[in-house]
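Coordinates as given in work.txt (compact mmCIF, C-alpha atoms):
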```
# COMPACT_ATOMS: atom_id res chain seq x y z
CA MET A 1 48.54 7.06 -13.05
CA LYS A 2 44.95 7.70 -14.04
CA VAL A 3 44.93 8.83 -17.64
CA ALA A 4 42.21 11.31 -18.49
CA ILE A 5 40.87 12.69 -21.74
CA ASP A 6 38.27 15.33 -22.47
CA GLU A 7 35.33 12.95 -22.26
CA LYS A 8 35.75 10.59 -19.32
CA VAL A 9 35.06 6.97 -20.17
CA HIS A 10 33.60 4.49 -17.72
CA SER A 11 35.89 1.80 -16.37
CA LEU A 12 35.63 -1.90 -17.08
CA THR A 13 38.60 -4.16 -17.62
CA LYS A 14 41.56 -4.66 -19.85
CA ARG A 15 43.36 -7.23 -21.86
CA PRO A 16 47.08 -7.99 -22.10
CA SER A 17 49.49 -7.92 -24.96
CA PRO A 18 51.74 -10.40 -23.23
CA LYS A 19 50.89 -14.08 -23.26
CA LEU A 20 48.08 -14.79 -20.91
CA THR A 21 48.01 -16.42 -17.55
CA ASN A 22 45.96 -19.52 -16.80
CA HIS A 23 42.20 -19.39 -16.74
CA SER A 24 40.31 -20.06 -13.62
CA GLN A 25 39.12 -23.63 -13.58
CA LEU A 26 36.62 -24.70 -16.14
CA PRO A 27 33.87 -26.99 -14.89
CA THR A 28 34.46 -30.73 -15.09
CA SER A 29 32.03 -33.54 -15.66
CA VAL A 30 30.84 -35.44 -12.60
CA THR A 31 30.47 -38.54 -14.74
CA PHE A 32 34.21 -38.75 -15.43
CA GLU A 33 36.30 -40.92 -13.15
CA GLU A 34 37.69 -38.88 -10.29
CA GLU A 35 41.34 -39.51 -11.11
CA GLU A 36 40.79 -38.18 -14.63
CA GLU A 37 39.10 -34.95 -13.59
CA LYS A 38 42.44 -33.17 -13.23
CA LEU A 39 43.02 -33.42 -16.98
CA TRP A 40 40.49 -30.67 -17.57
CA LYS A 41 40.86 -28.62 -14.41
CA GLU A 42 43.77 -26.52 -15.63
CA LYS A 43 42.72 -26.29 -19.23
CA LYS A 44 44.59 -23.78 -21.32
CA PRO A 45 42.25 -23.34 -24.24
CA ASN A 46 42.59 -20.55 -26.77
CA GLU A 47 43.00 -18.60 -23.53
CA LEU A 48 41.57 -15.55 -25.20
CA GLN A 49 45.03 -14.92 -26.44
CA ARG A 50 45.66 -12.21 -28.98
CA LEU A 51 46.89 -13.36 -32.38
CA SER A 52 50.09 -11.92 -33.71
CA PRO A 53 48.87 -10.90 -37.15
CA PRO A 54 51.03 -11.59 -40.22
CA GLN A 55 51.36 -7.85 -40.75
CA LYS A 56 50.78 -6.20 -37.43
CA ARG A 57 49.10 -2.85 -37.75
CA SER A 58 50.82 0.01 -36.02
CA LEU A 59 49.65 3.45 -35.07
CA ASP A 60 53.06 4.48 -33.84
CA LYS A 61 53.84 6.61 -36.90
CA PRO A 62 50.82 8.81 -37.53
CA LYS A 63 50.76 11.32 -40.30
CA ARG A 64 51.67 14.74 -39.01
CA PRO A 65 49.25 17.63 -39.24
CA ALA A 66 50.43 20.27 -41.65
CA THR A 67 50.26 22.88 -38.90
CA ILE A 68 53.16 21.39 -36.97
CA THR A 69 55.47 20.01 -39.62
CA ARG A 70 58.53 21.90 -40.66
CA ALA A 71 58.14 24.04 -43.74
CA LYS A 72 59.04 22.22 -46.93
CA SER A 73 61.31 25.07 -47.89
CA ALA A 74 63.44 24.68 -44.78
CA PRO A 75 66.84 23.19 -45.64
CA THR A 76 67.74 19.80 -44.20
CA THR A 77 70.68 20.11 -41.82
CA LEU A 78 73.49 17.64 -41.24
CA SER A 79 72.07 17.13 -37.72
CA GLN A 80 68.70 16.10 -39.17
CA HIS A 81 70.40 13.63 -41.52
CA ALA A 82 72.32 12.19 -38.58
CA ASP A 83 69.11 11.85 -36.53
CA GLU A 84 67.40 10.05 -39.39
CA ALA A 85 70.31 7.63 -39.83
CA LEU A 86 70.45 6.95 -36.09
CA THR A 87 66.67 6.41 -36.01
CA ASN A 88 66.97 3.81 -38.77
CA LEU A 89 69.74 2.05 -36.85
CA ALA A 90 67.67 2.09 -33.67
CA GLU A 91 64.69 0.60 -35.50
CA ASP A 92 66.92 -2.16 -36.88
CA CYS A 93 68.14 -2.92 -33.36
CA MET A 94 64.53 -3.14 -32.16
CA LYS A 95 63.67 -5.61 -34.92
CA ARG A 96 66.67 -7.76 -33.98
CA GLY A 97 65.75 -7.68 -30.30
CA ASP A 98 68.82 -5.66 -29.28
CA TYR A 99 66.78 -3.42 -27.02
CA SER A 100 69.57 -2.01 -24.86
CA THR A 101 71.39 -0.66 -27.92
CA ALA A 102 68.15 0.68 -29.35
CA ILE A 103 67.36 2.47 -26.08
CA SER A 104 70.79 4.10 -26.05
CA MET A 105 70.31 5.31 -29.61
CA TYR A 106 66.82 6.65 -28.94
CA GLN A 107 68.08 8.45 -25.85
CA SER A 108 70.71 10.20 -27.98
CA ILE A 109 68.02 11.16 -30.49
CA LEU A 110 65.79 12.38 -27.64
CA LYS A 111 68.46 14.74 -26.31
CA GLU A 112 69.00 16.18 -29.78
CA GLN A 113 65.28 16.68 -30.36
CA GLU A 114 64.73 18.33 -26.98
CA ALA A 115 67.64 20.69 -27.65
CA THR A 116 66.44 21.52 -31.16
CA TYR A 117 62.63 21.67 -30.82
CA GLY A 118 61.92 21.81 -27.10
CA LYS A 119 60.49 19.20 -24.73
CA GLY A 120 56.90 19.74 -25.90
CA HIS A 121 57.50 18.87 -29.57
CA TYR A 122 55.69 15.86 -31.03
CA THR A 123 58.98 14.23 -32.11
CA VAL A 124 59.99 14.11 -28.44
CA GLY A 125 56.75 12.26 -27.69
CA ASP A 126 57.40 9.80 -30.51
CA CYS A 127 60.92 9.12 -29.27
CA LEU A 128 59.73 8.56 -25.70
CA HIS A 129 57.13 6.15 -27.08
CA LYS A 130 59.87 4.19 -28.89
CA ILE A 131 61.98 3.98 -25.74
CA GLY A 132 58.88 2.74 -23.92
CA GLU A 133 58.37 0.03 -26.54
CA CYS A 134 61.94 -1.18 -26.11
CA CYS A 135 61.50 -1.27 -22.34
CA LEU A 136 58.18 -3.10 -22.62
CA ARG A 137 59.63 -5.75 -24.92
CA SER A 138 62.58 -6.25 -22.57
CA SER A 139 60.25 -6.45 -19.54
CA GLN A 140 61.42 -3.19 -17.95
CA LEU A 141 57.81 -2.54 -17.07
CA ASP A 142 58.03 0.40 -14.67
CA ARG A 143 60.39 2.23 -16.98
CA ALA A 144 58.16 1.47 -19.95
CA LEU A 145 55.11 2.83 -18.15
CA SER A 146 56.96 6.02 -17.25
CA CYS A 147 58.06 6.55 -20.87
CA PHE A 148 54.57 5.96 -22.27
CA GLU A 149 53.00 8.29 -19.72
CA GLU A 150 55.50 11.01 -20.58
CA ALA A 151 54.96 10.39 -24.31
CA TYR A 152 51.21 10.66 -23.78
CA SER A 153 51.55 14.01 -22.02
CA VAL A 154 53.78 15.42 -24.76
CA LYS A 155 51.43 14.22 -27.51
CA VAL A 156 48.35 15.66 -25.83
CA SER A 157 50.17 18.98 -25.58
CA ALA A 158 51.17 18.82 -29.26
CA PHE A 159 48.05 17.29 -30.84
CA GLY A 160 45.22 17.61 -28.35
CA SER A 161 43.37 14.75 -26.65
CA TYR A 162 41.93 13.20 -29.80
CA HIS A 163 44.72 12.11 -32.09
CA VAL A 164 45.71 8.69 -33.37
CA SER A 165 49.18 8.99 -31.81
CA VAL A 166 47.63 9.83 -28.43
CA GLY A 167 45.48 6.69 -28.72
CA ALA A 168 48.58 4.60 -29.47
CA SER A 169 50.36 5.77 -26.32
CA LEU A 170 47.24 5.21 -24.22
CA GLU A 171 47.08 1.63 -25.48
CA LYS A 172 50.72 1.05 -24.53
CA ILE A 173 50.05 2.52 -21.08
CA GLY A 174 47.29 -0.07 -20.77
CA GLU A 175 49.60 -2.90 -21.82
CA SER A 176 52.25 -1.81 -19.32
CA LEU A 177 49.74 -1.53 -16.48
CA LEU A 178 48.29 -4.91 -17.34
CA ARG A 179 51.65 -6.59 -17.17
CA LEU A 180 52.18 -4.87 -13.83
CA ASN A 181 48.89 -6.46 -12.67
CA LYS A 182 47.25 -3.05 -12.23
CA VAL A 183 44.09 -4.21 -13.92
CA ASN A 184 41.74 -1.36 -13.00
CA ASP A 185 44.14 1.35 -14.17
CA ALA A 186 44.92 -0.67 -17.28
CA HIS A 187 41.23 -0.93 -18.02
CA ASP A 188 40.86 2.84 -17.80
CA ALA A 189 43.73 3.35 -20.21
CA PHE A 190 42.32 0.86 -22.72
CA ARG A 191 38.86 2.41 -22.51
CA ASN A 192 40.31 5.88 -23.05
CA SER A 193 42.34 4.63 -26.00
CA LEU A 194 39.18 3.07 -27.43
CA ARG A 195 37.33 6.36 -27.08
CA VAL A 196 40.12 8.24 -28.90
CA LYS A 197 40.40 5.72 -31.72
CA GLN A 198 36.64 5.50 -32.23
CA LYS A 199 36.46 9.27 -32.63
CA VAL A 200 39.56 9.63 -34.82
CA LEU A 201 39.47 6.41 -36.87
CA GLY A 202 35.79 5.56 -36.81
CA LEU A 203 33.84 2.68 -35.31
CA GLU A 204 34.74 0.24 -38.09
CA HIS A 205 38.53 0.48 -37.92
CA GLY A 206 40.51 -2.68 -37.18
CA SER A 207 42.45 -1.02 -34.37
CA VAL A 208 39.15 -0.26 -32.63
CA ALA A 209 38.20 -3.95 -32.86
CA ASP A 210 41.57 -4.95 -31.40
CA LEU A 211 40.90 -2.79 -28.35
CA GLN A 212 37.43 -4.28 -27.99
CA SER A 213 39.06 -7.71 -27.98
CA GLN A 214 41.47 -6.55 -25.28
CA LEU A 215 38.56 -5.42 -23.15
CA GLY A 216 36.80 -8.72 -23.83
CA TRP A 217 39.81 -10.53 -22.42
CA ILE A 218 39.71 -8.39 -19.31
CA TYR A 219 36.01 -8.96 -18.74
CA PHE A 220 36.57 -12.69 -19.09
CA HIS A 221 39.28 -12.80 -16.44
CA THR A 222 37.35 -10.62 -14.03
CA GLY A 223 34.25 -12.81 -14.37
CA GLU A 224 32.14 -10.32 -16.34
CA LEU A 225 31.17 -12.92 -18.91
CA MET A 226 28.24 -11.13 -20.53
CA ALA A 227 30.35 -8.01 -21.06
CA SER A 228 33.19 -10.18 -22.34
CA GLN A 229 31.04 -11.91 -24.93
CA ALA A 230 29.54 -8.59 -26.05
CA ALA A 231 33.01 -7.08 -26.50
CA PHE A 232 34.19 -10.00 -28.62
CA GLU A 233 30.99 -9.90 -30.67
CA ASP A 234 31.49 -6.17 -31.33
CA ALA A 235 35.07 -6.87 -32.44
CA LEU A 236 33.89 -9.71 -34.67
CA ILE A 237 31.49 -7.42 -36.55
CA VAL A 238 34.40 -5.14 -37.46
CA TYR A 239 36.74 -8.00 -38.35
CA LYS A 240 34.14 -9.51 -40.69
CA LEU A 241 33.56 -6.12 -42.28
CA GLN A 242 37.28 -5.70 -42.90
CA ALA A 243 37.52 -9.26 -44.25
CA SER A 244 34.81 -8.47 -46.79
CA LYS A 245 37.21 -5.99 -48.38
CA ALA A 246 39.99 -7.14 -50.66
CA ARG A 247 42.90 -5.70 -48.66
CA GLN A 248 44.58 -8.09 -46.18
CA LYS A 249 41.61 -10.45 -46.32
CA ALA A 250 43.49 -13.39 -44.79
CA HIS A 251 44.61 -11.27 -41.85
CA TRP A 252 41.06 -10.19 -41.02
CA LEU A 253 39.70 -13.70 -41.46
CA LEU A 254 42.23 -14.97 -38.92
CA ALA A 255 41.24 -12.15 -36.57
CA SER A 256 37.60 -13.19 -37.06
CA ALA A 257 38.46 -16.80 -36.22
CA GLU A 258 40.21 -15.66 -33.05
CA ALA A 259 37.20 -13.59 -31.98
CA ILE A 260 34.82 -16.50 -32.69
CA SER A 261 37.01 -18.84 -30.67
CA ASN A 262 37.09 -16.32 -27.82
CA ILE A 263 33.30 -16.14 -27.90
CA GLY A 264 33.33 -19.93 -27.65
CA SER A 265 35.57 -19.75 -24.58
CA VAL A 266 33.11 -17.39 -22.91
CA GLN A 267 30.22 -19.68 -23.82
CA LEU A 268 32.18 -22.62 -22.40
CA LYS A 269 32.69 -20.74 -19.15
CA ARG A 270 28.94 -20.05 -19.08
CA ALA A 271 28.25 -23.80 -19.52
CA MET A 272 26.68 -23.15 -22.95
CA TYR A 273 28.27 -26.26 -24.42
CA GLY A 274 26.22 -26.49 -27.63
CA PRO A 275 26.85 -22.88 -28.75
CA ALA A 276 30.49 -23.18 -27.65
CA SER A 277 30.96 -26.25 -29.85
CA LYS A 278 29.54 -24.35 -32.84
CA SER A 279 31.84 -21.39 -32.19
CA PHE A 280 34.97 -23.54 -31.96
CA SER A 281 33.99 -25.50 -35.07
CA GLU A 282 33.47 -22.28 -37.02
CA ALA A 283 36.83 -20.88 -35.89
CA LEU A 284 38.61 -24.09 -36.89
CA MET A 285 36.92 -24.12 -40.30
CA ILE A 286 38.27 -20.63 -41.07
CA GLN A 287 41.75 -21.49 -39.83
CA ARG A 288 41.91 -24.74 -41.81
CA GLU A 289 41.14 -22.85 -45.00
CA LEU A 290 43.94 -20.38 -44.39
CA LEU A 291 46.56 -22.37 -42.49
CA GLY A 292 46.02 -25.98 -43.46
CA GLY A 293 44.83 -28.86 -41.33
CA HIS A 294 47.35 -29.05 -38.49
CA HIS A 295 48.72 -25.61 -37.73
CA PRO A 296 49.80 -25.35 -34.05
CA ILE A 297 47.59 -22.31 -33.48
CA MET A 298 44.58 -24.61 -33.94
CA ILE A 299 45.56 -27.08 -31.21
CA PRO A 300 44.08 -25.16 -28.23
CA ILE A 301 40.81 -24.67 -30.12
CA MET A 302 40.63 -28.41 -30.88
CA ASP A 303 41.13 -28.98 -27.16
CA ASN A 304 38.28 -26.60 -26.34
CA LEU A 305 36.03 -28.19 -28.96
CA GLY A 306 36.65 -31.69 -27.62
CA TYR A 307 35.91 -30.53 -24.09
CA ALA A 308 32.67 -28.76 -25.10
CA LEU A 309 31.50 -31.80 -27.07
CA SER A 310 32.23 -34.16 -24.18
CA LYS A 311 30.32 -31.92 -21.77
CA ASN A 312 27.43 -31.93 -24.26
CA GLN A 313 27.52 -35.75 -24.24
CA MET A 314 28.57 -35.89 -27.90
CA LEU A 315 31.29 -38.39 -27.10
CA VAL A 316 32.00 -39.73 -30.59
CA ALA A 317 32.49 -36.20 -31.91
CA ALA A 318 34.67 -35.39 -28.88
CA VAL A 319 36.87 -38.41 -29.63
CA GLU A 320 37.25 -37.25 -33.24
CA SER A 321 38.27 -33.77 -32.10
CA TYR A 322 40.92 -35.11 -29.73
CA GLU A 323 42.21 -37.56 -32.35
CA GLU A 324 42.67 -34.62 -34.73
CA MET A 325 44.35 -32.67 -31.94
CA LEU A 326 46.76 -35.55 -31.24
CA HIS A 327 47.61 -35.79 -34.93
CA ALA A 328 48.31 -32.03 -35.03
CA GLN A 329 50.53 -32.28 -31.94
CA LEU A 330 52.52 -35.17 -33.41
CA THR A 331 52.91 -33.27 -36.66
CA PHE A 332 54.13 -30.17 -34.83
CA HIS A 333 56.34 -31.72 -32.13
CA LYS A 334 57.70 -34.56 -34.30
CA ILE A 335 57.91 -36.72 -31.16
CA TYR A 336 55.37 -38.14 -28.72
CA SER A 337 55.69 -35.25 -26.30
CA THR A 338 54.21 -34.66 -22.85
CA GLU A 339 51.45 -32.64 -24.54
CA CYS A 340 50.62 -35.65 -26.69
CA LEU A 341 50.44 -37.84 -23.60
CA GLU A 342 47.92 -35.48 -21.99
CA THR A 343 45.74 -35.68 -25.09
CA LEU A 344 46.04 -39.49 -25.07
CA LYS A 345 44.79 -39.51 -21.46
CA LYS A 346 41.73 -37.50 -22.50
CA LEU A 347 41.03 -39.92 -25.35
CA VAL A 348 41.34 -42.89 -23.01
CA THR A 349 38.95 -41.21 -20.56
CA LEU A 350 36.38 -40.64 -23.30
CA HIS A 351 36.61 -44.25 -24.50
CA LYS A 352 36.16 -45.45 -20.93
CA LYS A 353 33.15 -43.20 -20.59
CA ARG A 354 31.77 -44.79 -23.78
CA LYS A 355 32.53 -48.21 -22.22
CA ASP A 356 34.78 -49.01 -25.18
CA LEU A 357 37.86 -50.46 -23.51
CA ASP A 358 39.01 -52.09 -26.74
CA ALA A 359 39.36 -48.68 -28.38
CA ALA A 360 41.19 -47.35 -25.31
CA LEU A 361 43.59 -50.30 -25.44
CA ASP A 362 44.18 -49.87 -29.17
CA ILE A 363 45.12 -46.19 -29.01
CA THR A 364 47.35 -46.77 -25.96
CA GLU A 365 49.20 -49.62 -27.65
CA GLU A 366 49.62 -47.49 -30.77
CA ALA A 367 50.94 -44.66 -28.60
CA ILE A 368 53.59 -46.94 -27.10
CA ARG A 369 54.64 -48.03 -30.60
CA LEU A 370 54.99 -44.39 -31.71
CA GLN A 371 56.84 -43.44 -28.54
CA GLN A 372 59.37 -46.22 -29.03
CA ILE A 373 60.02 -44.92 -32.54
CA THR A 374 60.16 -41.19 -31.83
CA LEU A 375 61.31 -40.81 -28.23
CA ALA A 376 64.24 -43.20 -27.90
CA ASP A 377 65.83 -42.17 -24.59
CA ASN A 378 64.72 -38.54 -24.78
CA ASN A 379 61.71 -38.76 -22.50
CA PRO A 380 61.45 -42.09 -20.67
CA VAL A 381 58.78 -40.69 -18.32
CA VAL A 382 56.25 -40.44 -21.16
CA LEU A 383 56.81 -44.06 -22.14
CA GLU A 384 56.67 -45.26 -18.54
CA GLN A 385 53.39 -43.44 -17.87
CA THR A 386 51.84 -44.80 -21.06
CA LYS A 387 52.84 -48.36 -20.19
CA ALA A 388 51.33 -47.92 -16.73
CA MET A 389 48.13 -46.67 -18.33
CA LEU A 390 48.06 -49.70 -20.62
CA GLU A 391 48.48 -52.04 -17.65
CA LYS A 392 45.52 -50.42 -15.86
CA LEU A 393 43.37 -50.81 -18.98
CA ARG A 394 44.30 -54.47 -19.30
CA ASN A 395 43.35 -55.03 -15.65
CA LEU A 396 39.97 -53.39 -16.30
CA LYS A 397 39.48 -55.60 -19.34
CA ARG A 398 40.04 -58.81 -17.38
```
Could you express the structure from this file as C-alpha cells?
Amino acid sequence: MKVAIDEKVHSLTKRPSPKLTNHSQLPTSVTFEEEEEKLWKEKKPNELQRLSPPQKRSLDKPKRPATITRAKSAPTTLSQHADEALTNLAEDCMKRGDYSTAISMYQSILKEQEATYGKGHYTVGDCLHKIGECCLRSSQLDRALSCFEEAYSVKVSAFGSYHVSVGASLEKIGESLLRLNKVNDAHDAFRNSLRVKQKVLGLEHGSVADLQSQLGWIYFHTGELMASQAAFEDALIVYKLQASKARQKAHWLLASAEAISNIGSVQLKRAMYGPASKSFSEALMIQRELLGGHHPIMIPIMDNLGYALSKNQMLVAAVESYEEMLHAQLTFHKIYSTECLETLKKLVTLHKKRKDLDAALDITEEAIRLQQITLADNNPVVLEQTKAMLEKLRNLKR
C-alpha cells in the first residue's frame, strides 16, 4: 500500500527495525595474501544497526486532544474498568513476549471499543496498532502490516494527517514493509512519517533523528552513499543537541556514538579510510566512557576501526585495535570462541604483512594456551585450526 499524506514526500529508502542483513562486500587490500582476503570480504561491522536505547522512546500513547476525549463529568462504567484491566494484562503479556495471548486480549478490547464508540474512534486505531506490534514482534509480518495500515486510516480519520500517533503508525508500516523486503514502499512510509513528525514535534526531536537514521541505513544498502552520510549527519546534529541537555544524557550520547559509527561505515564504503578511522575512534571513545572498556556493543566498531587502519597502512594501530577487540571478545564469551579465532587470523595476517613472524607466532601460541584452558572438549575445531595455523607459521619461519 502506498501511504499518502497531505503533502507528498519524495521517495528515497528506508531502514529496518529488525537486525540487519549482511553488507555488500567491503573492499579488500591487494597487498594481503590471497588466502586471507576472505577474512574481510563478509565483514559485519556496526552494520548500521539501530541501538536499542536503555529507555526506548515511544509515540504509541500520544496525548489526546481535548476535542475528542470523553467529558470529565461522564461516569466511568464497569465496562470501561474491565477494558482498562484487560489492557493492562495485554501490555504485561507483550512485555513477557506472550504475543498470542496479548493479541487475543487486544482483539476482545477492539470488539468492545468498536461496539461502544464506532470503528472510526481513535481508541480503535490505538488497539489495532497494538495488535500490529504483537504481530510484528512475533514475525506475522503480513498481518502486522494490515493492522498498522488499518490503524493509520482510523487515526487519520480521527486526528487528521498531521498527528504524532499518525506518525507512529506510519513508522510501523515502514518497519513491516522493510521486513517484507518491500524497500521502496517502506521508504515512502518512513519519509511520510518523518514529514509528520517534523511538523508535529519539530526538527530537533529525537524521534525525528531516529527516522533520519533509518533512512540513512536504507541509503547505505541501496548504494546511495552520499545521501546515507548526509542522513546520519543530520541525525547526529539532533542527538548531540539532545545530549547537551540534562535529561537522558547517556541515552543521547550512545545514540550519537551510533550515528558517528554509521558515518564511519559509509566513509569506509567510500574508501575514505582516514576519516573512517577518526569516526570509529570517536564512537569508541564515547562508548568507553559510558559502558566501560569491553562492552560487546563495541566489538563490531573495533573490527571496523582495525580494518580502516589497515587499509590506511597504519598497521601498528590496526594491530592494537584487533588486540583490544580480541580481549573484548574473550571477556564477553569467556571461552576462545570461533569469533575469537577469526580475530586471531586477522592479527596474524597483519603481523605477516608487517613481516613480523615472531609476533604472529607468539600470539598464536598464546591462543593455543588459552584455548586449552577455556575450551576443553567444547570446540575442538577451533583448537585444530589454530594448531594448523601455528604449523604454517613455523614453516614460514624456517
Quick one: contact table of region 246-283 of chain A to region 307-331 of chain A, 12 Å max, nearest atom pair and distance in Å to one decimal per residue, counting only C-alpha atoms, chain and number order, as a Markdown table?
```
| residue | atom | partner | partner_atom | distance |
| --- | --- | --- | --- | --- |
| A:Gly264 | CA | A:Ala308 | CA | 9.2 |
| A:Ser265 | CA | A:Ala308 | CA | 9.5 |
| A:Val266 | CA | A:Ala308 | CA | 11.6 |
| A:Gln267 | CA | A:Ala308 | CA | 9.5 |
| A:Leu268 | CA | A:Ala308 | CA | 6.7 |
| A:Lys269 | CA | A:Ala308 | CA | 10.0 |
| A:Arg270 | CA | A:Ala308 | CA | 11.2 |
| A:Ala271 | CA | A:Ala308 | CA | 8.7 |
| A:Met272 | CA | A:Ala308 | CA | 8.5 |
| A:Tyr273 | CA | A:Ala308 | CA | 5.1 |
| A:Gly274 | CA | A:Asn312 | CA | 6.5 |
| A:Pro275 | CA | A:Ala308 | CA | 9.0 |
| A:Ala276 | CA | A:Ala308 | CA | 6.5 |
| A:Ser277 | CA | A:Ala308 | CA | 5.6 |
| A:Lys278 | CA | A:Ala308 | CA | 9.4 |
| A:Ser279 | CA | A:Ala308 | CA | 10.3 |
| A:Phe280 | CA | A:Ala308 | CA | 8.9 |
| A:Ser281 | CA | A:Ser321 | CA | 9.8 |
```
What is the distance, in Å and to one decimal place, between CA of Met105 (chain A) and CA of Cys127 (chain A)?
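If I compute the distance from CA of Met105 (chain A) to CA of Cys127 (chain A), I get 10.1 Å.
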Quick one: residues within 6 Å of region 234-249 of chain A, only C-alpha atoms, excluding same-chain residues fewer than 4 positions away - as a compact mmCIF listing (two decimals) with C-alpha atoms, in the coordinates of the input?
```
# COMPACT_ATOMS: atom_id res chain seq x y z
CA GLU A 204 34.74 0.24 -38.09
CA ALA A 209 38.20 -3.95 -32.86
CA GLN A 212 37.43 -4.28 -27.99
CA LEU A 253 39.70 -13.70 -41.46
CA SER A 256 37.60 -13.19 -37.06
CA ALA A 259 37.20 -13.59 -31.98
```
Leu357 (chain A) proximity check over A:Ala388, A:Lys155, A:Lys397, A:Gly174, using only C-alpha atoms: winner is A:Lys397
Please report the interatomic distance between CA of Leu284 (chain A) and CA of Leu344 (chain A) in Å with one decimal.
20.8 Å
Between CA of Pro300 (chain A) and CA of Ala255 (chain A), what distance in Å does the model show, to one decimal?
15.7 Å
Local residues around (57.8, 17.3, -27.2), at most 12 Å away, using all atoms listed in the file, as JSON, numbers by chain
{"A": [68, 110, 111, 112, 113, 114, 115, 116, 117, 118, 119, 120, 121, 122, 123, 124, 125, 126, 127, 128, 129, 150, 151, 152, 153, 154, 155, 156, 157, 158, 159]}
Region 165-171 of chain A rebuilt with all heavy atoms, output as a short mmCIF file (atom, residue, chain, number, x, y, z; two decimals), keeping the file's coordinate frame:
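What follows is the written file rebuild35.cif:
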```cif
data_model
loop_
_atom_site.label_atom_id
_atom_site.label_comp_id
_atom_site.auth_asym_id
_atom_site.auth_seq_id
_atom_site.Cartn_x
_atom_site.Cartn_y
_atom_site.Cartn_z
N SER A 165 47.95 9.25 -32.55
CA SER A 165 49.18 8.99 -31.81
C SER A 165 48.94 8.99 -30.30
O SER A 165 49.56 8.23 -29.56
CB SER A 165 50.23 10.05 -32.18
OG SER A 165 51.46 9.74 -31.60
N VAL A 166 48.02 9.83 -29.85
CA VAL A 166 47.63 9.83 -28.43
C VAL A 166 46.99 8.49 -28.07
O VAL A 166 47.29 7.89 -27.03
CB VAL A 166 46.66 10.99 -28.15
CG1 VAL A 166 46.10 10.89 -26.72
CG2 VAL A 166 47.36 12.33 -28.34
N GLY A 167 46.11 7.98 -28.95
CA GLY A 167 45.48 6.69 -28.72
C GLY A 167 46.49 5.56 -28.65
O GLY A 167 46.35 4.63 -27.84
N ALA A 168 47.56 5.64 -29.48
CA ALA A 168 48.58 4.60 -29.47
C ALA A 168 49.32 4.56 -28.14
O ALA A 168 49.58 3.49 -27.57
CB ALA A 168 49.56 4.83 -30.62
N SER A 169 49.66 5.73 -27.61
CA SER A 169 50.36 5.77 -26.32
C SER A 169 49.46 5.32 -25.17
O SER A 169 49.90 4.64 -24.24
CB SER A 169 50.90 7.18 -26.05
OG SER A 169 51.99 7.46 -26.91
N LEU A 170 48.18 5.68 -25.24
CA LEU A 170 47.24 5.21 -24.22
C LEU A 170 47.16 3.68 -24.22
O LEU A 170 47.10 3.05 -23.15
CB LEU A 170 45.86 5.80 -24.49
CG LEU A 170 45.61 7.23 -24.00
CD1 LEU A 170 44.30 7.75 -24.59
CD2 LEU A 170 45.57 7.27 -22.48
N GLU A 171 47.14 3.09 -25.39
CA GLU A 171 47.08 1.63 -25.48
C GLU A 171 48.32 1.00 -24.85
O GLU A 171 48.23 0.00 -24.13
CB GLU A 171 46.93 1.19 -26.93
CG GLU A 171 46.74 -0.31 -27.08
CD GLU A 171 46.41 -0.73 -28.49
OE1 GLU A 171 46.35 0.14 -29.38
OE2 GLU A 171 46.20 -1.95 -28.72
#
```
